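Below is the file work-v8.cif, which contains mmCIF, C-alpha atoms.
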```cif
data_data
#
loop_
_atom_site.label_atom_id
_atom_site.label_comp_id
_atom_site.auth_asym_id
_atom_site.auth_seq_id
_atom_site.Cartn_x
_atom_site.Cartn_y
_atom_site.Cartn_z
CA MET A 1 138.59 93.50 27.29
CA ALA A 2 137.20 96.68 28.82
CA GLU A 3 137.73 97.15 32.50
CA GLU A 4 134.64 96.29 34.53
CA LYS A 5 132.92 99.35 35.91
CA LYS A 6 133.20 99.48 39.67
CA LYS A 7 130.17 99.73 41.91
CA TYR A 8 131.51 102.60 44.00
CA ARG A 9 132.47 105.94 42.46
CA PHE A 10 133.70 108.24 45.18
CA LEU A 11 135.16 111.71 45.33
CA PHE A 12 137.33 112.66 48.30
CA ILE A 13 137.47 116.39 49.02
CA GLN A 14 140.06 117.90 51.35
CA PRO A 15 138.84 120.78 53.53
CA PHE A 16 141.50 123.12 52.15
CA GLU A 17 144.67 123.38 50.11
CA LEU A 18 147.51 125.64 51.18
CA PRO A 19 149.32 128.05 48.85
CA LYS A 20 152.44 126.56 47.34
CA GLY A 21 155.67 127.63 49.00
CA GLY A 22 154.08 128.90 52.20
CA LYS A 23 156.14 128.71 55.37
CA HIS A 24 153.62 126.60 57.25
CA VAL A 25 152.53 124.27 54.45
CA ASP A 26 152.25 120.60 55.37
CA LYS A 27 152.94 118.42 52.34
CA TYR A 28 149.59 116.63 52.55
CA HIS A 29 147.78 119.90 51.93
CA SER A 30 149.74 120.77 48.80
CA ALA A 31 149.28 119.62 45.21
CA GLU A 32 152.72 118.08 44.73
CA LEU A 33 151.90 114.50 45.76
CA SER A 34 149.90 111.76 44.05
CA LYS A 35 146.29 111.26 45.06
CA GLU A 36 147.28 108.09 46.92
CA GLN A 37 149.84 109.99 48.97
CA ARG A 38 147.49 112.89 49.63
CA LEU A 39 144.95 110.40 50.92
CA ARG A 40 147.78 109.20 53.21
CA MET A 41 147.54 105.64 51.98
CA GLU A 42 151.20 105.05 52.81
CA TYR A 43 150.41 105.00 56.51
CA LEU A 44 146.63 104.84 56.96
CA ASN A 45 145.28 101.32 56.57
CA ILE A 46 142.67 102.15 53.92
CA GLY A 47 144.08 100.69 50.70
CA HIS A 48 142.05 97.49 50.94
CA LEU A 49 138.86 99.53 51.34
CA LEU A 50 139.42 101.20 47.96
CA GLU A 51 140.13 98.09 45.87
CA ASP A 52 136.51 98.05 44.66
CA VAL A 53 136.23 101.84 44.39
CA GLU A 54 136.81 104.11 41.40
CA TRP A 55 137.86 107.33 43.07
CA ASP A 56 139.10 110.85 42.53
CA PHE A 57 140.71 113.30 44.91
CA HIS A 58 140.14 117.04 45.16
CA GLY A 59 142.54 119.15 47.20
CA GLY A 60 139.81 121.49 48.35
CA PRO A 61 139.68 125.26 48.12
CA ILE A 62 142.80 127.37 48.57
CA ALA A 63 142.69 128.57 52.17
CA PRO A 64 141.66 132.24 51.98
CA TYR A 65 143.08 133.22 55.37
CA GLY A 66 146.78 132.31 54.94
CA ASP A 67 149.35 129.52 54.55
CA TRP A 68 148.58 127.54 57.72
CA ALA A 69 146.17 124.75 58.57
CA VAL A 70 142.69 125.52 59.86
CA GLU A 71 142.29 125.75 63.65
CA THR A 72 139.87 128.51 64.66
CA TRP A 73 136.10 128.76 64.19
CA GLU A 74 136.65 131.68 61.82
CA GLU A 75 139.02 129.64 59.65
CA PHE A 76 136.63 126.68 59.62
CA ALA A 77 133.86 128.99 58.40
CA HIS A 78 136.03 130.24 55.54
CA VAL A 79 136.91 126.78 54.22
CA ALA A 80 133.39 125.42 54.78
CA ALA A 81 131.88 128.04 52.49
CA ALA A 82 134.66 127.61 49.92
CA ARG A 83 134.19 123.83 49.75
CA LEU A 84 130.50 123.97 48.84
CA PRO A 85 130.93 124.93 45.13
CA ILE A 86 133.25 121.95 44.75
CA VAL A 87 130.57 119.67 46.18
CA ARG A 88 127.90 121.10 43.88
CA GLU A 89 130.10 120.75 40.79
CA ALA A 90 130.87 117.14 41.70
CA CYS A 91 127.18 116.34 42.12
CA GLU A 92 126.26 118.00 38.84
CA SER A 93 128.97 116.06 36.99
CA GLY A 94 127.14 112.74 37.43
CA LYS A 95 130.48 110.98 37.95
CA TYR A 96 130.06 109.98 41.60
CA ASN A 97 127.62 108.01 43.72
CA ALA A 98 129.07 109.22 47.04
CA ILE A 99 131.21 112.08 48.30
CA ILE A 100 133.57 111.83 51.25
CA LEU A 101 134.60 115.03 53.00
CA LEU A 102 138.04 114.77 54.54
CA GLY A 103 139.15 116.65 57.66
CA GLY A 104 138.25 115.82 61.24
CA GLY A 105 136.32 119.07 61.77
CA GLU A 106 134.18 118.29 58.69
CA PRO A 107 133.66 121.94 57.57
CA GLY A 108 130.63 122.28 55.30
CA PHE A 109 129.30 118.80 56.02
CA MET A 110 125.68 119.70 56.75
CA GLU A 111 125.49 122.13 53.84
CA SER A 112 127.06 119.53 51.54
CA ARG A 113 124.45 116.99 52.53
CA GLU A 114 121.72 119.49 51.62
CA ILE A 115 123.30 120.08 48.20
CA ALA A 116 123.90 116.39 47.47
CA ARG A 117 120.37 115.33 48.47
CA GLN A 118 119.09 117.09 45.36
CA PHE A 119 121.09 114.56 43.36
CA ASN A 120 120.43 111.51 45.60
CA ILE A 121 124.12 111.33 46.49
CA PRO A 122 125.16 110.46 50.06
CA VAL A 123 127.90 112.48 51.74
CA THR A 124 130.00 111.18 54.62
CA SER A 125 132.60 112.82 56.82
CA CYS A 126 135.16 111.77 59.39
CA ALA A 127 133.67 112.90 62.72
CA PHE A 128 130.13 111.84 61.85
CA SER A 129 131.29 108.42 60.64
CA GLN A 130 133.57 107.68 63.58
CA MET A 131 130.91 108.56 66.13
CA HIS A 132 128.26 106.39 64.51
CA ILE A 133 130.52 103.37 64.10
CA ALA A 134 132.00 103.78 67.60
CA SER A 135 128.51 103.78 69.11
CA MET A 136 127.92 100.34 67.58
CA LEU A 137 131.11 98.90 69.11
CA GLY A 138 130.76 99.95 72.74
CA ASN A 139 128.65 101.84 75.23
CA LYS A 140 130.83 104.96 75.16
CA PHE A 141 133.70 106.32 73.10
CA SER A 142 136.40 108.89 73.77
CA ILE A 143 138.10 111.22 71.32
CA ILE A 144 141.84 111.87 71.19
CA ASP A 145 142.38 115.36 69.80
CA PHE A 146 145.26 117.78 69.50
CA THR A 147 144.57 121.41 70.54
CA GLU A 148 142.39 123.29 72.99
CA VAL A 149 140.73 125.34 70.23
CA HIS A 150 140.01 122.28 68.08
CA ASN A 151 138.75 120.37 71.13
CA MET A 152 135.98 122.91 71.61
CA PHE A 153 135.10 122.99 67.92
CA TYR A 154 134.83 119.19 68.03
CA TYR A 155 132.81 119.42 71.25
CA GLU A 156 130.12 121.15 69.23
CA LEU A 157 130.20 118.36 66.64
CA VAL A 158 129.45 115.83 69.38
CA ILE A 159 126.41 117.92 70.31
CA ARG A 160 125.38 118.42 66.67
CA HIS A 161 125.46 114.69 65.95
CA ARG A 162 123.59 113.91 69.20
CA PHE A 163 126.28 111.82 70.85
CA THR A 164 126.57 113.61 74.18
CA GLU A 165 125.30 110.51 76.01
CA ARG A 166 127.67 108.19 74.15
CA CYS A 167 130.81 110.33 74.18
CA ALA A 168 132.76 109.73 77.38
CA SER A 169 135.31 112.52 76.86
CA ILE A 170 137.56 114.50 74.57
CA ARG A 171 141.21 114.08 75.57
CA ASN A 172 143.81 116.65 74.53
CA ILE A 173 147.45 115.81 73.63
CA ASN A 174 148.22 119.53 73.05
CA PHE A 175 150.22 119.61 69.81
CA TYR A 176 149.47 122.29 67.23
CA HIS A 177 149.83 122.95 63.53
CA GLY A 178 152.54 125.34 62.43
CA ARG A 179 151.23 128.89 62.62
CA PRO A 180 152.63 132.44 62.35
CA GLY A 181 154.00 133.69 65.66
CA TYR A 182 154.65 130.23 67.10
CA GLU A 183 157.73 129.11 65.20
CA ASP A 184 159.38 127.53 68.27
CA GLU A 185 156.63 124.96 68.86
CA THR A 186 157.00 121.29 68.00
CA THR A 187 154.11 120.65 65.60
CA ILE A 188 151.88 117.63 65.21
CA ASP A 189 153.28 117.23 61.68
CA GLU A 190 156.80 116.90 63.05
CA GLU A 191 155.61 114.32 65.58
CA ARG A 192 153.96 112.35 62.77
CA ASP A 193 157.12 112.33 60.66
CA LYS A 194 159.22 111.17 63.63
CA ALA A 195 156.86 108.31 64.39
CA LEU A 196 156.72 107.20 60.75
CA ARG A 197 160.53 107.13 60.69
CA GLY A 198 160.47 104.79 63.68
CA GLU A 199 161.67 107.43 66.12
CA PRO A 200 160.16 108.12 69.56
CA SER A 201 157.18 110.48 69.38
CA GLU A 202 155.85 112.42 72.35
CA ALA A 203 152.50 112.72 70.56
CA VAL A 204 152.17 108.92 70.56
CA GLU A 205 153.11 108.74 74.23
CA ARG A 206 150.55 111.37 75.16
CA ALA A 207 147.89 109.61 73.07
CA VAL A 208 148.56 106.33 74.89
CA LYS A 209 148.39 108.05 78.27
CA GLU A 210 145.13 109.83 77.45
CA ALA A 211 143.55 106.74 75.90
CA VAL A 212 144.27 104.67 79.01
CA ALA A 213 142.88 107.48 81.17
CA ALA A 214 139.77 107.61 78.98
CA ILE A 215 139.28 103.88 79.53
CA GLU A 216 140.04 103.80 83.25
CA GLU A 217 138.59 107.14 84.34
CA ASP A 218 135.95 108.11 81.76
CA GLY A 219 134.39 104.75 80.89
CA ALA A 220 135.40 104.72 77.22
CA GLU A 221 135.10 101.38 75.44
CA VAL A 222 136.11 102.67 71.99
CA ILE A 223 138.74 105.25 71.04
CA THR A 224 138.34 107.70 68.12
CA PHE A 225 140.23 110.77 66.91
CA GLY A 226 139.43 114.45 66.37
CA CYS A 227 141.52 116.29 63.79
CA SER A 228 142.55 114.29 60.72
CA ASP A 229 146.15 115.26 61.44
CA VAL A 230 146.10 112.85 64.37
CA PHE A 231 144.62 109.93 62.41
CA TRP A 232 148.18 108.66 61.85
CA ILE A 233 148.33 107.76 65.55
CA GLN A 234 145.66 105.08 65.08
CA SER A 235 147.98 102.17 64.23
CA PHE A 236 150.50 103.13 66.93
CA LEU A 237 147.81 103.48 69.58
CA GLN A 238 146.01 100.26 68.63
CA LYS A 239 149.29 98.33 68.88
CA ARG A 240 150.19 99.82 72.26
CA LEU A 241 146.74 99.19 73.75
CA ASP A 242 146.81 95.61 72.47
CA GLU A 243 150.21 95.07 74.08
CA MET A 244 148.89 96.45 77.37
CA GLY A 245 145.95 94.04 77.28
CA TRP A 246 143.22 96.58 76.53
CA GLU A 247 140.78 94.95 74.11
CA VAL A 248 139.56 98.27 72.73
CA PRO A 249 138.94 99.16 69.07
CA VAL A 250 140.67 102.34 67.85
CA LEU A 251 138.98 104.05 64.89
CA GLU A 252 140.14 106.77 62.50
CA GLY A 253 138.00 108.92 60.27
CA TYR A 254 139.06 108.06 56.72
CA SER A 255 138.27 104.34 56.92
CA SER A 256 135.07 105.03 58.85
CA ALA A 257 133.86 107.51 56.23
CA ILE A 258 134.66 105.09 53.39
CA VAL A 259 132.77 102.13 54.86
CA LEU A 260 129.79 104.32 55.75
CA ALA A 261 129.67 105.68 52.19
CA LYS A 262 129.64 102.11 50.88
CA LEU A 263 126.81 101.25 53.25
CA PHE A 264 124.67 104.14 51.99
CA VAL A 265 125.35 103.19 48.37
CA ASN A 266 124.50 99.54 49.09
CA LEU A 267 121.23 100.53 50.77
CA GLY A 268 120.42 103.01 48.00
CA VAL A 269 119.78 105.81 50.48
CA ASP A 270 120.97 109.31 51.20
CA VAL A 271 119.97 111.85 53.82
CA SER A 272 116.28 112.27 54.71
CA GLY A 273 114.32 114.93 52.89
CA LEU A 274 112.67 115.78 56.20
CA LYS A 275 116.02 116.66 57.72
CA PHE A 276 116.98 118.65 54.61
CA PRO A 277 113.76 119.74 52.88
CA SER A 278 113.80 120.80 49.25
CA GLU A 279 113.05 124.44 48.44
CA ARG A 280 109.30 123.80 48.06
CA PRO A 281 108.53 120.37 49.57
CA LYS A 282 105.30 118.69 48.50
CA GLN A 283 104.55 117.79 52.11
CA TRP A 284 105.21 119.86 55.21
CA ARG A 285 104.82 119.36 58.95
CA ARG A 286 102.86 121.72 61.18
CA LYS A 287 105.13 121.07 64.15
CA LYS A 288 108.69 119.95 64.84
CA VAL A 289 109.28 118.30 68.22
CA PHE A 290 112.40 117.46 70.23
#
```
Using structure tokens, write down the structure from this file.
Amino acid sequence: MAEEKKKYRFLFIQPFELPKGGKHVDKYHSAELSKEQRLRMEYLNIGHLLEDVEWDFHGGPIAPYGDWAVETWEEFAHVAAARLPIVREACESGKYNAIILLGGGEPGFMESREIARQFNIPVTSCAFSQMHIASMLGNKFSIIDFTEVHNMFYYELVIRHRFTERCASIRNINFYHGRPGYEDETTIDEERDKALRGEPSEAVERAVKEAVAAIEEDGAEVITFGCSDVFWIQSFLQKRLDEMGWEVPVLEGYSSAIVLAKLFVNLGVDVSGLKFPSERPKQWRRKKVF
């Protein structure tokens, strides 16, 4: 008997892939693992969300700037532009009814939505999805993020998605990716691996401290994350807050982007053609107001 065709057909696209053998390559941004591992299903609680999904995984464009993970605005611009041809090819293939852009900084998200609207395909991303879901769960949310540079990039995403009145704060735990010239730093990847081995992790401790401060000092009622390389903290932080008696939901971007993509497919909608007009729209507005 032929396998029943699944309702959801998703493509996950990483923001970048790092050159094989590079000194600063994190394994999740290389092509050596299975798609399940690269989607981090061994430690992110998303497997149950994909049981009814037929899905593919694309590693993203090879980072043109070097063998380290994206951090600066310049590097985000490089990978954003390089991801767009992948999005267009996926839309033209007819294989997918939604596209999910991985990466907390969501490079190329707005441009991808413009491309995909031509094919009536919704696109979701991690920051956008977390913010929207968080705003339905509490009055204000805070973001746990990992570097000063990334904090300010993410700050602009809060403004772009119009959540300045709902975002209580961005809290920084100050761990970085591996990068040339900073070989003596303890990286966020090393903190992740320690925590997953059951060892003490300073990154977890800082996340707990900042989350409690966000609740007590900033008025946060929901906790979210910035960079996707801190999404692994979600389960640790949720457990610790529960043990402390804080009844606060902790979200991460992958699961949020998946459920939002399903919602758009179920509703049969994608982004508004007024937000992203076609090249020659049949109707046009004389004035745009704020």
> Quick one: residues within 12 Å of Gly138 of chain A, all atoms listed in the file counted, chain neighbours fewer than 4 positions away excluded, as a PyMOL selection string?
Replying inline: chain A and resi 131-134+142+166-168+215+219-224+247-250
> For the file shown, what are the residues hit by the PyMOL selection byres ((chain A and resi 206) around 12), laid out as a ChimeraX atom specification?
Replying inline: /A:144-146,171-175,188,191,200-205,207-213,230,233,236-237,240
>> Given all atoms listed in the file as the basis, pick out the residue of A:Phe128, A:Phe225, A:Tyr43, A:Tyr96 nearest to Leu11 of chain A.
In response: A:Tyr96
Need the axis-aligned box for segment 58-65 of chain A with 5 Å each side, so what are the centre and edges in Å to one decimal, as AutoDock Vina command-line options?
```
--center_x 141.4 --center_y 125.1 --center_z 50.3 --size_x 13.4 --size_y 26.2 --size_z 20.2
```
> Using the chain letters and numbers from the file, which residues does the PyMOL selection byres ((chain A and resi 69) around 8) grab, as a PyMOL selection string?
Replying inline: chain A and resi 18+24-25+67-68+70-71+177-179
So that I have them on file, write out the residues from the current selection with C-alpha atoms, as an mmCIF file, keeping the file's coordinate frame.
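As written to disk, result_5.cif reads:
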```cif
data_model
loop_
_atom_site.group_PDB
_atom_site.id
_atom_site.type_symbol
_atom_site.label_atom_id
_atom_site.label_comp_id
_atom_site.auth_asym_id
_atom_site.auth_seq_id
_atom_site.Cartn_x
_atom_site.Cartn_y
_atom_site.Cartn_z
ATOM 1 C CA LEU A 18 147.510 125.640 51.180
ATOM 2 C CA HIS A 24 153.620 126.600 57.250
ATOM 3 C CA VAL A 25 152.530 124.270 54.450
ATOM 4 C CA ASP A 67 149.350 129.520 54.550
ATOM 5 C CA TRP A 68 148.580 127.540 57.720
ATOM 6 C CA VAL A 70 142.690 125.520 59.860
ATOM 7 C CA GLU A 71 142.290 125.750 63.650
ATOM 8 C CA HIS A 177 149.830 122.950 63.530
ATOM 9 C CA GLY A 178 152.540 125.340 62.430
ATOM 10 C CA ARG A 179 151.230 128.890 62.620
#
```
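With all atoms listed in the file as the basis for measurement, A:Phe12 is the residue among A:Phe12, A:Tyr155, A:Phe141, A:Phe109 that approaches Asn97 of chain A most closely.
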> Using the chain letters and numbers from the file, which residues does the PyMOL selection byres ((chain A and resi 61) around 9) grab, as a PyMOL selection string?
Replying inline: chain A and resi 14-18+58-60+62-64+79+82-83+86
> Rounded to one decimal in Å, what is the spacing between atom CA of Asp270 of chain A and atom CA of Pro122 of chain A?
Replying inline: 4.5 Å
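Proximity to Arg160 of chain A was assessed for A:Lys23, A:Lys239, A:Met110, A:Ala77 counting all atoms listed in the file; the smallest distance is recorded for A:Met110.
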>> Please report the interatomic distance between atom CA of Tyr154 of chain A and atom CA of Phe119 of chain A in Å with one decimal.
In response: 28.6 Å
